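J.: The structure file my_file_35.tsv (TSV, C-alpha atoms) is provided below.
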```
chain	number	residue	atom	x	y	z
S	1	MET	CA	0.00	0.00	0.00
S	2	ASP	CA	2.89	2.31	0.80
S	3	GLU	CA	4.41	1.53	-2.58
S	4	ALA	CA	1.17	2.47	-4.38
S	5	GLU	CA	0.90	5.73	-2.51
S	6	LYS	CA	4.50	6.53	-3.38
S	7	LEU	CA	3.87	5.82	-7.08
S	8	LEU	CA	0.72	7.96	-7.06
S	9	SER	CA	2.61	10.78	-5.40
S	10	GLU	CA	5.31	10.63	-8.08
S	11	ASN	CA	2.71	10.68	-10.87
S	12	LEU	CA	0.98	13.65	-9.33
S	13	GLU	CA	4.29	15.44	-9.03
S	14	ASN	CA	5.14	14.71	-12.69
S	15	ALA	CA	1.73	15.90	-13.77
S	16	SER	CA	2.18	19.05	-11.79
S	17	GLN	CA	5.54	19.67	-13.44
S	18	LEU	CA	4.05	19.07	-16.89
S	19	MET	CA	1.24	21.49	-16.13
S	20	ALA	CA	3.72	24.08	-14.99
S	21	GLN	CA	5.80	23.61	-18.12
S	22	ALA	CA	2.69	23.80	-20.28
S	23	GLN	CA	1.62	27.00	-18.58
S	24	GLU	CA	5.08	28.39	-19.08
S	25	LEU	CA	5.06	27.46	-22.79
S	26	VAL	CA	1.61	28.97	-23.24
S	27	ALA	CA	2.72	32.13	-21.47
S	28	VAL	CA	5.85	32.41	-23.61
S	29	TYR	CA	4.64	31.19	-27.03
S	30	GLY	CA	0.88	31.67	-26.80
S	31	LEU	CA	0.89	35.23	-28.01
S	32	ARG	CA	3.45	34.37	-30.68
S	33	VAL	CA	1.31	31.54	-31.98
S	34	ILE	CA	-1.75	33.77	-32.00
S	35	ALA	CA	0.22	36.46	-33.83
S	36	ALA	CA	1.49	33.90	-36.36
S	37	ILE	CA	-2.03	32.65	-37.02
S	38	ALA	CA	-3.22	36.24	-37.41
S	39	ILE	CA	-0.38	36.89	-39.91
S	40	LEU	CA	-1.40	33.83	-41.92
S	41	ILE	CA	-5.07	34.80	-42.00
S	42	VAL	CA	-4.52	38.48	-42.79
S	43	GLY	CA	-1.72	37.68	-45.25
S	44	ARG	CA	-3.90	35.23	-47.14
S	45	ILE	CA	-6.68	37.82	-47.39
S	46	VAL	CA	-4.27	40.50	-48.62
S	47	ALA	CA	-2.71	38.08	-51.12
S	48	GLY	CA	-6.18	37.28	-52.46
S	49	TRP	CA	-6.96	40.97	-52.82
S	50	ALA	CA	-3.65	41.55	-54.63
S	51	ARG	CA	-4.36	38.69	-57.05
S	52	LYS	CA	-7.82	40.04	-57.85
S	53	LEU	CA	-6.45	43.56	-58.31
S	54	VAL	CA	-3.75	42.38	-60.74
S	55	GLN	CA	-6.23	40.26	-62.68
S	56	ARG	CA	-8.67	43.17	-62.87
S	57	LEU	CA	-5.98	45.52	-64.20
S	58	LEU	CA	-4.82	42.99	-66.80
S	59	THR	CA	-8.40	42.29	-67.85
S	60	LYS	CA	-9.04	46.00	-68.36
S	61	GLY	CA	-5.91	46.07	-70.51
S	62	ASN	CA	-7.48	43.41	-72.78
S	63	SER	CA	-4.76	40.90	-71.89
S	64	ASP	CA	-5.01	37.26	-72.82
S	65	PRO	CA	-7.04	35.31	-70.20
S	66	ILE	CA	-4.21	32.79	-69.85
S	67	ILE	CA	-1.80	35.60	-68.96
S	68	VAL	CA	-4.31	37.09	-66.52
S	69	GLY	CA	-4.69	33.83	-64.61
S	70	PHE	CA	-0.99	33.02	-64.66
S	71	VAL	CA	0.20	36.42	-63.45
S	72	GLY	CA	-2.48	36.44	-60.76
S	73	SER	CA	-1.29	33.06	-59.49
S	74	ILE	CA	2.34	34.20	-59.48
S	75	VAL	CA	1.43	37.26	-57.40
S	76	TYR	CA	-0.60	35.17	-54.94
S	77	ILE	CA	2.06	32.48	-54.50
S	78	GLY	CA	4.84	35.05	-54.11
S	79	MET	CA	2.97	36.95	-51.41
S	80	MET	CA	2.04	33.74	-49.57
S	81	VAL	CA	5.70	32.70	-49.44
S	82	PHE	CA	6.54	35.91	-47.60
S	83	VAL	CA	3.50	35.50	-45.33
S	84	VAL	CA	4.54	31.97	-44.31
S	85	LEU	CA	8.12	33.09	-43.66
S	86	ALA	CA	6.84	35.97	-41.53
S	87	ALA	CA	4.60	33.61	-39.53
S	88	LEU	CA	7.45	31.15	-38.93
S	89	GLY	CA	9.70	33.98	-37.77
S	90	GLN	CA	7.01	35.15	-35.36
S	91	VAL	CA	6.97	31.82	-33.49
S	92	GLY	CA	10.75	31.84	-33.18
S	93	ILE	CA	11.70	29.52	-36.03
S	94	GLN	CA	14.83	30.64	-37.83
S	95	THR	CA	13.89	31.44	-41.42
S	96	THR	CA	17.40	32.15	-42.63
S	97	SER	CA	17.87	28.57	-43.72
S	98	PHE	CA	14.53	28.57	-45.53
S	99	ILE	CA	15.45	31.76	-47.36
S	100	ALA	CA	18.82	30.29	-48.30
S	101	ILE	CA	17.15	27.14	-49.62
S	102	LEU	CA	14.62	29.18	-51.60
S	103	GLY	CA	17.42	31.34	-53.01
S	104	ALA	CA	19.47	28.34	-54.06
S	105	ALA	CA	16.43	26.66	-55.59
S	106	GLY	CA	15.50	29.86	-57.42
S	107	LEU	CA	19.03	30.19	-58.79
S	108	ALA	CA	19.08	26.59	-59.98
S	109	ILE	CA	15.67	26.88	-61.58
S	110	GLY	CA	16.62	30.20	-63.17
S	111	LEU	CA	19.77	28.73	-64.72
S	112	ALA	CA	17.91	25.67	-65.97
S	113	LEU	CA	14.99	27.64	-67.37
S	114	GLN	CA	16.65	30.90	-68.35
S	115	GLY	CA	15.26	30.69	-71.88
S	116	SER	CA	11.73	30.11	-70.62
S	117	LEU	CA	12.08	32.85	-68.02
S	118	ALA	CA	13.29	35.24	-70.72
S	119	ASN	CA	10.21	34.36	-72.79
S	120	PHE	CA	7.96	34.89	-69.78
S	121	ALA	CA	9.55	38.25	-68.95
S	122	SER	CA	9.29	39.34	-72.59
S	123	GLY	CA	5.65	38.28	-72.70
S	124	PHE	CA	4.95	40.29	-69.58
S	125	LEU	CA	6.65	43.35	-71.13
S	126	LEU	CA	4.63	42.90	-74.32
S	127	ILE	CA	1.48	43.03	-72.20
S	128	ILE	CA	2.63	46.08	-70.25
S	129	PHE	CA	3.91	48.21	-73.16
S	130	ARG	CA	1.49	46.78	-75.76
S	131	PRO	CA	3.34	47.37	-79.04
S	132	PHE	CA	0.54	45.32	-80.59
S	133	LYS	CA	-2.70	43.62	-79.62
S	134	VAL	CA	-4.70	40.63	-80.74
S	135	GLY	CA	-5.99	41.21	-84.28
S	136	ASP	CA	-3.17	43.51	-85.41
S	137	PHE	CA	-1.16	42.74	-88.53
S	138	ILE	CA	2.50	42.98	-87.53
S	139	GLU	CA	5.98	42.11	-88.69
S	140	GLY	CA	8.40	40.98	-86.03
S	141	GLY	CA	10.70	38.15	-85.07
S	142	GLY	CA	11.43	37.57	-88.75
S	143	VAL	CA	7.79	36.78	-89.63
S	144	ALA	CA	4.60	38.66	-90.49
S	145	GLY	CA	0.96	37.92	-89.75
S	146	VAL	CA	-2.13	38.69	-87.71
S	147	VAL	CA	-1.70	38.35	-83.95
S	148	GLU	CA	-3.93	35.54	-82.66
S	149	SER	CA	-2.79	35.34	-79.04
S	150	ILE	CA	-0.09	36.46	-76.62
S	151	GLN	CA	0.59	33.49	-74.37
S	152	ILE	CA	2.93	32.97	-71.43
S	153	PHE	CA	5.99	32.04	-73.46
S	154	THR	CA	5.01	32.56	-77.09
S	155	THR	CA	3.10	34.80	-79.48
S	156	THR	CA	0.93	33.15	-82.14
S	157	LEU	CA	0.51	34.70	-85.58
S	158	THR	CA	-1.61	33.69	-88.58
S	159	THR	CA	-0.19	34.44	-92.02
S	160	GLY	CA	-2.13	35.61	-95.06
S	161	ASP	CA	-2.20	32.05	-96.45
S	162	ASN	CA	-3.61	30.77	-93.11
S	163	LYS	CA	-0.46	29.30	-91.62
S	164	THR	CA	0.09	29.44	-87.87
S	165	ILE	CA	3.46	30.74	-86.70
S	166	ILE	CA	4.51	30.49	-83.06
S	167	VAL	CA	7.26	32.93	-82.10
S	168	PRO	CA	9.09	32.92	-78.71
S	169	ASN	CA	8.28	36.10	-76.82
S	170	SER	CA	11.95	36.91	-76.25
S	171	LYS	CA	12.61	36.86	-80.01
S	172	MET	CA	9.52	38.94	-80.69
S	173	TYR	CA	10.32	41.56	-78.05
S	174	GLY	CA	14.03	41.64	-78.90
S	175	ASP	CA	13.47	42.31	-82.61
S	176	ASN	CA	12.09	45.30	-84.52
S	177	ILE	CA	8.29	45.27	-84.52
S	178	THR	CA	6.33	46.87	-87.36
S	179	ASN	CA	2.64	47.26	-86.55
S	180	TYR	CA	0.67	47.88	-89.73
S	181	SER	CA	-2.63	48.14	-87.83
S	182	ALA	CA	-1.58	50.69	-85.21
S	183	LYS	CA	-2.73	53.71	-87.26
S	184	PRO	CA	-6.20	54.16	-88.79
S	185	THR	CA	-4.78	55.15	-92.20
S	186	ARG	CA	-1.89	54.04	-94.43
S	187	ARG	CA	-0.22	55.46	-97.51
S	188	VAL	CA	-0.26	53.42	-100.70
S	189	ASP	CA	2.93	53.99	-102.72
S	190	LEU	CA	3.15	52.96	-106.37
S	191	VAL	CA	5.98	53.56	-108.83
S	192	VAL	CA	4.95	53.83	-112.49
S	193	GLY	CA	7.54	53.82	-115.28
S	194	VAL	CA	6.73	55.26	-118.72
S	195	SER	CA	8.81	55.66	-121.84
S	196	TYR	CA	10.87	58.79	-122.40
S	197	ASP	CA	8.77	59.87	-125.38
S	198	ALA	CA	5.53	59.76	-123.35
S	199	ASP	CA	3.58	62.95	-122.60
S	200	LEU	CA	4.24	63.44	-118.88
S	201	ALA	CA	1.34	65.85	-118.48
S	202	GLU	CA	-1.05	63.24	-119.89
S	203	VAL	CA	0.46	60.50	-117.70
S	204	LYS	CA	0.09	62.60	-114.55
S	205	LYS	CA	-3.50	63.45	-115.51
S	206	ILE	CA	-4.39	59.77	-115.93
S	207	LEU	CA	-2.75	58.74	-112.66
S	208	THR	CA	-4.42	61.58	-110.75
S	209	ASP	CA	-7.80	60.65	-112.22
S	210	ILE	CA	-7.30	57.03	-111.13
S	211	ALA	CA	-6.56	58.13	-107.57
S	212	VAL	CA	-9.43	60.61	-107.34
S	213	SER	CA	-11.96	58.22	-108.87
S	214	ASP	CA	-11.40	55.56	-106.20
S	215	LYS	CA	-13.79	56.30	-103.32
S	216	ARG	CA	-11.53	54.45	-100.90
S	217	VAL	CA	-8.75	56.97	-101.45
S	218	LEU	CA	-8.93	59.78	-98.89
S	219	SER	CA	-9.09	63.40	-100.03
S	220	GLU	CA	-6.97	64.50	-97.08
S	221	PRO	CA	-4.06	64.19	-97.42
S	222	ALA	CA	-4.60	64.67	-101.16
S	223	PRO	CA	-3.16	62.11	-103.61
S	224	LEU	CA	0.25	62.96	-105.03
S	225	VAL	CA	1.63	62.19	-108.50
S	226	ALA	CA	5.16	63.37	-109.26
S	227	VAL	CA	8.23	62.46	-111.30
S	228	SER	CA	10.64	60.69	-108.94
S	229	GLU	CA	13.45	59.41	-111.18
S	230	LEU	CA	14.89	59.49	-114.66
S	231	GLY	CA	15.83	55.85	-114.91
S	232	ASP	CA	17.93	53.95	-117.40
S	233	ASN	CA	14.93	52.65	-119.31
S	234	SER	CA	12.01	54.80	-118.16
S	235	VAL	CA	10.77	57.96	-116.52
S	236	ASN	CA	9.52	56.86	-113.12
S	237	LEU	CA	6.60	58.58	-111.43
S	238	VAL	CA	5.55	58.04	-107.83
S	239	MET	CA	1.86	57.77	-107.00
S	240	ARG	CA	0.95	58.23	-103.32
S	241	MET	CA	-2.58	57.74	-101.99
S	242	TRP	CA	-3.90	57.63	-98.43
S	243	ALA	CA	-6.54	55.08	-97.48
S	244	LYS	CA	-7.97	53.41	-94.41
S	245	THR	CA	-5.77	50.64	-93.10
S	246	GLY	CA	-8.35	48.00	-93.95
S	247	ASP	CA	-8.56	49.24	-97.57
S	248	TYR	CA	-4.79	49.25	-98.18
S	249	TRP	CA	-4.42	46.09	-100.26
S	250	GLY	CA	-7.66	46.63	-102.15
S	251	VAL	CA	-6.51	50.08	-103.26
S	252	TYR	CA	-3.02	48.78	-104.05
S	253	PHE	CA	-4.13	45.90	-106.28
S	254	ASP	CA	-6.98	47.76	-108.02
S	255	ALA	CA	-4.85	50.82	-108.74
S	256	THR	CA	-2.06	48.69	-110.17
S	257	GLU	CA	-4.44	46.96	-112.57
S	258	THR	CA	-6.23	50.18	-113.54
S	259	ILE	CA	-2.93	51.94	-114.27
S	260	LYS	CA	-1.95	49.25	-116.78
S	261	LEU	CA	-5.34	49.31	-118.49
S	262	ARG	CA	-5.56	53.10	-118.69
S	263	LEU	CA	-2.03	53.57	-119.99
S	264	ASP	CA	-2.55	50.90	-122.65
S	265	LYS	CA	-5.78	52.59	-123.71
S	266	ALA	CA	-4.00	55.93	-124.01
S	267	GLY	CA	-1.20	54.35	-126.06
S	268	ILE	CA	1.43	55.14	-123.43
S	269	GLY	CA	4.10	52.49	-123.28
S	270	ILE	CA	5.45	50.99	-120.09
S	271	PRO	CA	9.05	50.11	-120.96
S	272	TYR	CA	11.00	47.18	-119.65
S	273	PRO	CA	14.72	46.45	-119.73
S	274	GLN	CA	15.83	45.27	-123.15
S	275	ARG	CA	19.05	44.84	-125.07
S	276	ASP	CA	19.69	45.32	-128.76
S	277	VAL	CA	22.13	42.85	-130.26
S	278	HIS	CA	23.85	43.84	-133.52
S	279	ILE	CA	25.55	41.12	-135.60
S	280	TYR	CA	28.25	42.14	-138.07
S	281	GLU	CA	29.42	39.78	-140.77
S	282	HIS	CA	33.15	39.76	-141.28
S	283	LYS	CA	34.18	39.01	-144.83
S	284	ALA	CA	37.59	37.56	-145.47
S	285	ALA	CA	39.82	39.52	-147.85
```
Could you rewrite the structure in this file as structure tokens?

T.:
Amino acid sequence: MDEAEKLLSENLENASQLMAQAQELVAVYGLRVIAAIAILIVGRIVAGWARKLVQRLLTKGNSDPIIVGFVGSIVYIGMMVFVVLAALGQVGIQTTSFIAILGAAGLAIGLALQGSLANFASGFLLIIFRPFKVGDFIEGGGVAGVVESIQIFTTTLTTGDNKTIIVPNSKMYGDNITNYSAKPTRRVDLVVGVSYDADLAEVKKILTDIAVSDKRVLSEPAPLVAVSELGDNSVNLVMRMWAKTGDYWGVYFDATETIKLRLDKAGIGIPYPQRDVHIYEHKAA
């Protein structure tokens, strides 16, 4: 019986010590744990707000939905990493090692995926600075076509003969970009060569009439017809007409055909390079 009482007394004493230690831990770390939980909750809410704000801004900028979702996720994950590190530091856990591990992992991933990261960064810059948008006809990265989509790593174009071309964003952003759809109007330039014995006044009258008669040609700026060069085989005249961007190729092709027909009708020749060969017969003495 004495042995049982002694064992009970030891158990009670151990329990009392455990309770004291628990109270001490709660007193020391309780507020820290509560603060860490509060940081996690508030940080998650703020990260969600930041993601929605970024997605809203990108959506207003008419960005590709894939880019909107991806960038929003990157912002959310990045902010949550800092929130978790802050919460761990609040409870007394050393975060230096975690930061070092994340830094090393980021460096390794960056070196392994530097091409992909360059494409992602270039795609993000294309969205921010917007040198072109979906539906524009552009020339860039060594190709030309209508922009179909601006994705995370690539830009997709469709050519005039309905071929799909996928260009890495880094190549697109790092090259000269010509946007033919950026302005509402474009100038149609044609060079017309006529023979040296042609009546220049009559030629200019015909060309001006062709430009003025086309309703797609804008009156302001007015069409221009002028002699631009005295070539080796012809007198070259430049014909400049302004039209809406969507009418460019229609005006170009129709004017080219009409010029040929009208000049032929007026009997005005359009010369082409030619060579006269003279053959002399040598008679032996």

J.: One decimal, Å: what's the distance from atom CA of S:Asn176 over to atom CA of S:Gly135, could you say?

T.: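 Interatomic distance, atom CA of S:Asn176 to atom CA of S:Gly135: 18.5 Å.
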
J.: Of the candidates S:Thr245, S:Ser195, S:Asn162, S:Ser122, which one gets nearest to S:Gly174 if we count all atoms listed in the file?

T.: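 When distances to S:Gly174 are compared using all atoms listed in the file, the smallest one comes from S:Ser122.
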
J.: Between atom CA of S:Ser213 and atom CA of S:Gly246, measure the distance and give it in Å to one decimal.

T.: 18.4 Å

J.: Let me have the centre and edge lengths in Å, one decimal, of the box along x, y and z around every listed atom of stretch 188-194 of chain S with 5 Å of margin on each side, as AutoDock Vina command-line options.

T.:
```
--center_x 3.6 --center_y 54.1 --center_z -109.7 --size_x 17.8 --size_y 12.3 --size_z 28.0
```

J.: At what distance in Å, to one decimal, does atom CA of S:Glu220 lie from atom CA of S:Val192?

T.: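 So the answer is 22.2 Å.
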
J.: Considering all atoms listed in the file, can you say which of S:Leu53, S:Val81, S:Ala211, S:Ala201 comes closest to S:Trp242?

T.: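 Result for the nearest residue to S:Trp242: S:Ala211.
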
J.: Take the point (-0.6, 55.6, -103.6) as written in the file and pick out every residue within 10 Å of it, counting only C-alpha atoms; give the list as a list in words.

T.: Arg186, Arg187, Val188, Asp189, Leu190, Val191, Leu207, Ala211, Val217, Pro223, Leu224, Val225, Val238, Met239, Arg240, Met241, Trp242, Ala243, Tyr248, Val251, Tyr252, Ala255 and Thr256 of chain S

J.: Considering all atoms listed in the file, state which residue in the set S:Ile41, S:Ala198, S:Ala121, S:Pro168 is at the smallest distance from S:Gly267.

T.: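 Smallest separation from S:Gly267 among the options: S:Ala198.
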
J.: Between S:Val75, S:Leu261, S:Ile37, S:Ala266, single out the one closest to S:Trp49, counting all atoms listed in the file.

T.: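 Of all the options, S:Val75 lies closest to S:Trp49.
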